[in-house]
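Text of work.cif (mmCIF, C-alpha atoms) as supplied:
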data_run
#
loop_
_atom_site.label_atom_id
_atom_site.label_comp_id
_atom_site.auth_asym_id
_atom_site.auth_seq_id
_atom_site.Cartn_x
_atom_site.Cartn_y
_atom_site.Cartn_z
CA MET A 25 -17.67 106.19 38.12
CA GLU A 26 -20.75 108.36 37.56
CA LYS A 27 -23.62 106.72 35.73
CA GLY A 28 -25.04 108.28 32.58
CA PRO A 29 -28.32 107.63 30.69
CA ARG A 30 -29.64 104.06 30.95
CA GLY A 31 -27.06 103.32 33.60
CA LEU A 32 -24.11 103.52 31.20
CA ARG A 33 -20.83 104.68 32.65
CA ARG A 34 -19.23 107.86 31.45
CA GLY A 35 -16.02 109.72 32.17
CA ARG A 36 -12.39 109.82 31.17
CA GLY A 37 -12.13 106.03 31.12
CA ALA A 38 -14.67 105.62 28.31
CA ARG A 39 -12.09 105.62 25.51
CA GLU A 40 -10.01 102.93 27.19
CA ARG A 41 -13.09 100.79 27.85
CA ILE A 42 -14.08 101.07 24.20
CA LEU A 43 -10.62 100.01 23.06
CA SER A 44 -10.45 97.19 25.60
CA ALA A 45 -13.86 95.85 24.59
CA SER A 46 -12.94 96.13 20.91
CA GLN A 47 -9.72 94.20 21.32
CA GLN A 48 -11.51 91.46 23.21
CA LEU A 49 -14.41 91.14 20.78
CA PHE A 50 -12.29 91.41 17.63
CA ARG A 51 -10.02 88.66 18.98
CA ASP A 52 -12.77 86.35 20.19
CA GLN A 53 -15.35 86.61 17.40
CA GLY A 54 -13.77 88.58 14.57
CA ILE A 55 -14.04 92.13 13.29
CA ASN A 56 -16.95 91.68 10.90
CA CYS A 57 -19.02 89.79 13.45
CA THR A 58 -18.70 92.55 16.03
CA GLY A 59 -21.44 95.15 15.79
CA MET A 60 -21.37 98.62 17.27
CA ASP A 61 -24.34 97.91 19.53
CA GLN A 62 -22.59 94.91 21.07
CA LEU A 63 -19.36 96.86 21.41
CA CYS A 64 -21.12 99.67 23.25
CA ALA A 65 -22.83 97.20 25.55
CA VAL A 66 -19.58 95.48 26.52
CA ALA A 67 -17.76 98.82 26.96
CA GLU A 68 -20.74 100.22 28.90
CA VAL A 69 -20.95 103.40 26.84
CA SER A 70 -23.60 104.95 24.65
CA LYS A 71 -23.17 105.21 20.88
CA ARG A 72 -22.93 108.95 21.29
CA THR A 73 -19.95 108.52 23.61
CA LEU A 74 -18.30 106.06 21.24
CA TYR A 75 -18.61 108.45 18.30
CA GLN A 76 -17.21 111.27 20.41
CA HIS A 77 -13.99 109.28 20.62
CA PHE A 78 -13.94 107.57 17.22
CA THR A 79 -15.37 108.66 13.88
CA GLY A 80 -16.45 105.10 13.16
CA LYS A 81 -15.57 101.43 13.28
CA ASP A 82 -12.78 101.82 10.72
CA GLU A 83 -10.85 104.23 12.92
CA LEU A 84 -11.50 102.05 15.96
CA ILE A 85 -10.07 98.96 14.27
CA ALA A 86 -6.95 100.83 13.20
CA GLU A 87 -6.43 102.23 16.69
CA CYS A 88 -6.74 98.75 18.21
CA LEU A 89 -3.98 97.55 15.92
CA ARG A 90 -1.79 100.55 16.76
CA ARG A 91 -2.24 99.79 20.45
CA PHE A 92 -1.49 96.08 20.12
CA ASP A 93 2.30 96.34 19.76
CA PRO A 94 3.40 99.94 19.17
CA ASP A 95 7.10 99.31 19.80
CA ILE A 96 7.24 96.01 17.87
CA LEU A 97 8.02 93.29 20.40
CA PRO A 98 10.30 95.21 22.78
CA GLU A 99 10.24 92.23 25.17
CA VAL A 100 12.40 90.44 22.59
CA PHE A 101 14.26 92.99 20.50
CA ASP A 102 15.15 95.34 23.38
CA ARG A 103 16.54 92.65 25.68
CA THR A 104 20.14 93.23 26.69
CA ASP A 105 20.62 89.83 28.35
CA LEU A 106 20.47 88.01 25.01
CA THR A 107 22.87 88.00 22.09
CA PRO A 108 21.48 89.20 18.72
CA ARG A 109 21.27 85.59 17.53
CA GLU A 110 19.35 84.61 20.66
CA ARG A 111 16.94 87.51 20.14
CA LEU A 112 16.18 86.30 16.61
CA LEU A 113 15.17 82.90 17.95
CA ALA A 114 13.39 84.34 21.00
CA ALA A 115 10.88 85.95 18.63
CA PHE A 116 9.41 82.47 18.14
CA ASP A 117 8.66 82.17 21.86
CA VAL A 118 6.36 85.22 21.95
CA HIS A 119 3.21 84.89 19.89
CA SER A 120 -0.56 85.14 20.05
CA PRO A 121 -3.02 82.44 18.88
CA LEU A 122 -3.55 84.43 15.69
CA CYS A 123 -1.68 87.56 14.71
CA PRO A 124 -4.29 90.37 14.84
CA PHE A 125 -2.68 92.06 11.84
CA ILE A 126 -3.14 88.95 9.72
CA ALA A 127 -6.70 88.57 11.03
CA ALA A 128 -7.52 92.17 10.09
CA ALA A 129 -6.02 91.79 6.61
CA VAL A 130 -8.08 88.63 6.02
CA GLU A 131 -11.36 90.20 7.13
CA ILE A 132 -10.91 93.56 5.42
CA PRO A 133 -10.57 93.33 1.61
CA ASP A 134 -9.89 97.03 0.94
CA PRO A 135 -6.07 97.55 0.82
CA GLY A 136 -6.63 101.26 1.52
CA HIS A 137 -8.59 100.66 4.72
CA PRO A 138 -6.87 102.28 7.75
CA ALA A 139 -6.52 98.89 9.44
CA ARG A 140 -4.94 97.33 6.33
CA VAL A 141 -2.52 100.25 6.13
CA GLN A 142 -1.64 99.80 9.80
CA ALA A 143 -1.19 96.04 9.36
CA ARG A 144 1.10 96.59 6.38
CA THR A 145 3.13 99.17 8.28
CA TYR A 146 3.52 96.83 11.25
CA LYS A 147 4.59 93.84 9.17
CA LYS A 148 7.23 95.92 7.39
CA GLY A 149 8.41 97.29 10.73
CA PHE A 150 8.59 93.79 12.23
CA ALA A 151 10.68 92.50 9.33
CA ALA A 152 12.91 95.57 9.69
CA ARG A 153 13.55 94.79 13.36
CA LEU A 154 14.45 91.22 12.46
CA THR A 155 16.75 92.52 9.72
CA ASP A 156 18.46 94.97 12.08
CA THR A 157 18.99 92.21 14.62
CA ALA A 158 20.31 89.87 11.93
CA ARG A 159 22.74 92.56 10.83
CA GLU A 160 23.86 93.03 14.44
CA ALA A 161 24.39 89.29 14.69
CA GLY A 162 26.67 89.34 11.65
CA ALA A 163 24.40 87.76 9.02
CA THR A 164 25.87 87.76 5.53
CA ASN A 165 22.51 88.84 4.07
CA PRO A 166 20.46 90.36 6.92
CA GLU A 167 17.61 91.52 4.67
CA GLN A 168 17.07 88.00 3.37
CA LEU A 169 17.24 86.45 6.84
CA GLY A 170 14.83 89.05 8.24
CA GLU A 171 12.26 88.30 5.54
CA GLN A 172 12.69 84.54 5.97
CA LEU A 173 12.08 84.70 9.71
CA ALA A 174 9.12 87.06 9.29
CA LEU A 175 7.60 84.64 6.80
CA LEU A 176 8.13 81.71 9.17
CA LEU A 177 6.44 83.53 12.05
CA ASP A 178 3.44 84.58 9.98
CA GLY A 179 3.10 81.10 8.52
CA ALA A 180 3.24 79.50 11.96
CA SER A 181 0.58 81.89 13.24
CA ALA A 182 -1.80 81.14 10.36
CA ARG A 183 -1.19 77.38 10.44
CA SER A 184 -1.71 77.24 14.20
CA ARG A 185 -5.11 78.88 13.77
CA VAL A 186 -6.25 76.78 10.81
CA LEU A 187 -5.26 73.44 12.37
CA ASN A 188 -5.97 74.49 15.97
CA THR A 189 -2.55 73.20 16.94
CA GLU A 190 0.89 74.54 17.85
CA ALA A 191 3.18 75.18 14.88
CA PHE A 192 5.78 77.48 16.44
CA THR A 193 8.02 74.64 17.67
CA THR A 194 8.54 73.45 14.11
CA ALA A 195 9.00 77.02 12.90
CA ALA A 196 11.60 77.65 15.60
CA ALA A 197 13.55 74.54 14.54
CA ILE A 198 13.63 75.75 10.93
CA ALA A 199 14.59 79.24 12.10
CA ALA A 200 17.59 77.88 13.98
CA VAL A 201 18.88 76.27 10.80
CA LEU A 202 18.34 79.43 8.77
CA VAL A 203 20.08 81.55 11.39
CA ASP A 204 23.06 79.21 11.64
CA HIS A 205 23.36 79.14 7.86
CA ALA A 206 23.17 82.94 7.56
CA ILE A 207 25.52 83.75 10.46
CA PRO A 208 28.89 82.03 9.95
CA ALA A 209 30.04 82.81 13.48
CA ALA A 210 26.98 81.25 15.10
CA ALA A 211 27.87 77.85 16.49
CA ALA A 212 26.17 75.17 18.53
CA PRO A 213 27.48 74.53 22.07
CA ALA A 214 29.47 71.53 20.80
CA GLY A 215 31.23 73.76 18.24
CA ALA A 216 29.15 72.92 15.17
CA SER A 217 26.28 74.80 13.57
CA ALA A 218 22.83 73.26 13.34
CA VAL A 219 23.39 72.49 9.65
CA GLU A 220 26.80 70.87 10.28
CA GLN A 221 25.44 68.90 13.23
CA HIS A 222 22.56 67.64 11.11
CA GLY A 223 25.01 66.45 8.44
CA GLN A 224 27.06 64.63 11.07
CA ASP A 225 23.92 62.97 12.37
CA ASP A 226 23.14 61.65 8.88
CA ASP A 227 26.72 60.36 8.51
CA ASP A 228 26.49 58.55 11.84
CA ALA A 229 23.15 57.01 10.88
CA GLY A 230 24.57 55.92 7.49
CA ARG A 231 27.40 54.06 9.24
CA GLY A 232 24.91 52.19 11.35
CA GLY A 233 25.32 54.32 14.41
CA ALA A 234 22.59 56.13 16.27
CA PRO A 235 22.11 59.82 15.46
CA ARG A 236 23.61 62.13 18.03
CA SER A 237 21.33 63.78 20.52
CA GLY A 238 21.01 67.49 21.08
CA ARG A 239 19.22 68.45 17.90
CA GLY A 240 16.27 69.79 19.88
CA PRO A 241 12.94 70.24 18.10
CA VAL A 242 14.36 69.15 14.73
CA ALA A 243 14.57 65.56 15.93
CA GLU A 244 10.91 65.58 16.89
CA HIS A 245 9.66 65.92 13.31
CA PRO A 246 10.41 62.93 11.02
CA GLY A 247 11.59 63.98 7.58
CA GLN A 248 12.08 67.58 8.58
CA GLY A 249 15.87 67.36 8.32
CA HIS A 250 15.76 66.70 4.57
CA ILE A 251 13.47 69.69 4.08
CA LEU A 252 15.87 71.92 5.99
CA ASP A 253 18.76 70.70 3.84
CA ARG A 254 16.89 71.73 0.69
CA ILE A 255 16.10 75.13 2.20
CA THR A 256 19.74 75.85 2.92
CA GLU A 257 20.92 74.52 -0.43
CA GLN A 258 18.63 76.94 -2.28
CA MET A 259 19.83 80.04 -0.41
#

What's the structure tokens form of this structure?
Amino acid sequence: MEKGPRGLRRGRGARERILSASQQLFRDQGINCTGMDQLCAVAEVSKRTLYQHFTGKDELIAECLRRFDPDILPEVFDRTDLTPRERLLAAFDVHSPLCPFIAAAVEIPDPGHPARVQARTYKKGFAARLTDTAREAGATNPEQLGEQLALLLDGASARSRVLNTEAFTTAAAIAAVLVDHAIPAAAAPAGASAVEQHGQDDDDAGRGGAPRSGRGPVAEHPGQGHILDRITEQM
């Protein structure tokens, strides 16, 4: 690559280097803590080159968000080897340490900012994909299930960041109960839904027997079963 003034690189790859540097810096240190001088240094471009590609930082932030997941998790929702129900739960296996759309919304207070608009559009689109998949799976109320799962995923992302721990396992366990409750045809391998199996476990324990195995992540969180019962009772 030909060198420009002060040894900075120039050429057709400048735009991609700017976007790559922006995504890295925004993720690692936040949007507001990333200055244009630092961004240019990491991307190895001059400010003049940066402003030839982007009118300013606002447009750059929005473009980074557009580039992050333009097709809304195709590695989950476009899979043909999974059933619709399995795709709903697979969404909890693909996640970043902190959703960049949530991060942008937290750092940028203006609801009309291009990045906030893009974040809002993405979140609505993500919930819509969950809803479409829930409908394909035969959910009795796919819109409700889509919103519930979207809320779980966003909550797990935020909680994981705040506590610096992994919250998606718990979220996935709750999601399985919600999905089984919303999709009558969905059944566990043994022939009972997660909700029915949980009730049987409680019956066994009440008779002095040991709870049955096979409840997966739900069994790893004491007290979680009672919370899940209340969730399903209120729906």

| note | In terms of only C-alpha atoms, the residue from A:Gln172, A:Thr157, A:Gln62, A:Ser181 at minimal distance from A:Leu74 is A:Gln62

| task | Please measure the separation of atom CA of A:Arg72 and atom CA of A:Pro138, giving the value in Å to one decimal. | result |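 Distance reported for this atom pair: 22.0 Å.
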
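If you look at atom CA of A:Pro133 and atom CA of A:Phe50, they are 16.2 Å away from each other.
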
Find the smallest box with edges along x, y and z containing every listed atom of stretch 109-118 of chain A, then add 3 Å on each side and report centre and edge lengths in Å to one decimal, as JSON.
{"center_x": 13.8, "center_y": 84.8, "center_z": 19.3, "size_x": 20.9, "size_y": 11.3, "size_z": 11.3}

| request: Please measure the separation of atom CA of A:Ala195 and atom CA of A:Ile132, giving the value in Å to one decimal. | output: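 So the two atoms, atom CA of A:Ala195 and atom CA of A:Ile132, lie 26.9 Å apart.
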
| field | Counting all atoms listed in the file, the residue of A:Lys148, A:Arg91, A:Arg153, A:His137 that sits nearest A:Arg111 | value |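 When distances to A:Arg111 are compared using all atoms listed in the file, the smallest one comes from A:Arg153.
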
| task | Evaluate the PyMOL selection byres ((chain A and resi 128) around 9) here and jot the selected residues down as a ChimeraX atom specification. | result | /A:50,54-55,85,89,123-127,129-132,139-140,143

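Near A:Tyr146, within 9 Å and counting only C-alpha atoms, sit Leu89, Arg90, Asp93, Pro94, Ile96, Phe125, Val141, Gln142, Ala143, Gly149, Phe150 and Ala151 of chain A; same-chain residues fewer than 3 positions away were not included.
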
Export of the given selection (C-alpha atoms) as a JSON list (two decimals), in the frame of the given file:
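Output file again-v3.json follows:
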[["chain", "number", "residue", "atom", "x", "y", "z"],
["A", 89, "LEU", "CA", -3.98, 97.55, 15.92],
["A", 90, "ARG", "CA", -1.79, 100.55, 16.76],
["A", 93, "ASP", "CA", 2.30, 96.34, 19.76],
["A", 94, "PRO", "CA", 3.40, 99.94, 19.17],
["A", 96, "ILE", "CA", 7.24, 96.01, 17.87],
["A", 125, "PHE", "CA", -2.68, 92.06, 11.84],
["A", 141, "VAL", "CA", -2.52, 100.25, 6.13],
["A", 142, "GLN", "CA", -1.64, 99.80, 9.80],
["A", 143, "ALA", "CA", -1.19, 96.04, 9.36],
["A", 149, "GLY", "CA", 8.41, 97.29, 10.73],
["A", 150, "PHE", "CA", 8.59, 93.79, 12.23],
["A", 151, "ALA", "CA", 10.68, 92.50, 9.33]]

Please reconstruct the missing atoms of stretch 151-166 of chain A (target: N, CA, C and O atoms) and return them as a compact mmCIF listing (two decimals), keeping the file's coordinate frame.
# COMPACT_ATOMS: atom_id res chain seq x y z
N ALA A 151 9.61 93.06 10.14
CA ALA A 151 10.68 92.50 9.33
C ALA A 151 11.94 93.36 9.44
O ALA A 151 13.07 92.83 9.45
N ALA A 152 11.76 94.67 9.56
CA ALA A 152 12.91 95.57 9.69
C ALA A 152 13.65 95.33 11.00
O ALA A 152 14.88 95.37 11.05
N ARG A 153 12.90 95.07 12.07
CA ARG A 153 13.55 94.79 13.36
C ARG A 153 14.31 93.46 13.31
O ARG A 153 15.40 93.34 13.87
N LEU A 154 13.74 92.48 12.64
CA LEU A 154 14.45 91.22 12.46
C LEU A 154 15.72 91.44 11.63
O LEU A 154 16.78 90.89 11.94
N THR A 155 15.60 92.24 10.58
CA THR A 155 16.75 92.52 9.72
C THR A 155 17.85 93.24 10.49
O THR A 155 19.04 92.91 10.38
N ASP A 156 17.47 94.24 11.29
CA ASP A 156 18.46 94.97 12.08
C ASP A 156 19.18 94.05 13.07
O ASP A 156 20.39 94.15 13.27
N THR A 157 18.40 93.15 13.67
CA THR A 157 18.99 92.21 14.62
C THR A 157 19.90 91.22 13.91
O THR A 157 20.97 90.86 14.42
N ALA A 158 19.48 90.77 12.72
CA ALA A 158 20.31 89.87 11.93
C ALA A 158 21.62 90.55 11.53
O ALA A 158 22.69 89.92 11.54
N ARG A 159 21.53 91.80 11.19
CA ARG A 159 22.74 92.56 10.83
C ARG A 159 23.66 92.68 12.05
O ARG A 159 24.89 92.52 11.94
N GLU A 160 23.08 92.94 13.21
CA GLU A 160 23.86 93.03 14.44
C GLU A 160 24.52 91.70 14.76
O GLU A 160 25.62 91.66 15.34
N ALA A 161 23.85 90.61 14.41
CA ALA A 161 24.39 89.29 14.69
C ALA A 161 25.48 88.88 13.71
O ALA A 161 26.16 87.87 13.91
N GLY A 162 25.63 89.64 12.62
CA GLY A 162 26.67 89.34 11.65
C GLY A 162 26.22 88.52 10.48
O GLY A 162 27.04 87.87 9.81
N ALA A 163 24.92 88.53 10.16
CA ALA A 163 24.40 87.76 9.02
C ALA A 163 25.00 88.28 7.72
O ALA A 163 25.18 89.48 7.53
N THR A 164 25.29 87.36 6.81
CA THR A 164 25.87 87.76 5.53
C THR A 164 24.85 88.49 4.66
O THR A 164 25.22 89.34 3.86
N ASN A 165 23.58 88.15 4.81
CA ASN A 165 22.51 88.84 4.07
C ASN A 165 21.37 89.09 5.05
O ASN A 165 20.39 88.34 5.08
N PRO A 166 21.46 90.14 5.87
CA PRO A 166 20.46 90.36 6.92
C PRO A 166 19.06 90.61 6.39
O PRO A 166 18.08 90.21 7.03
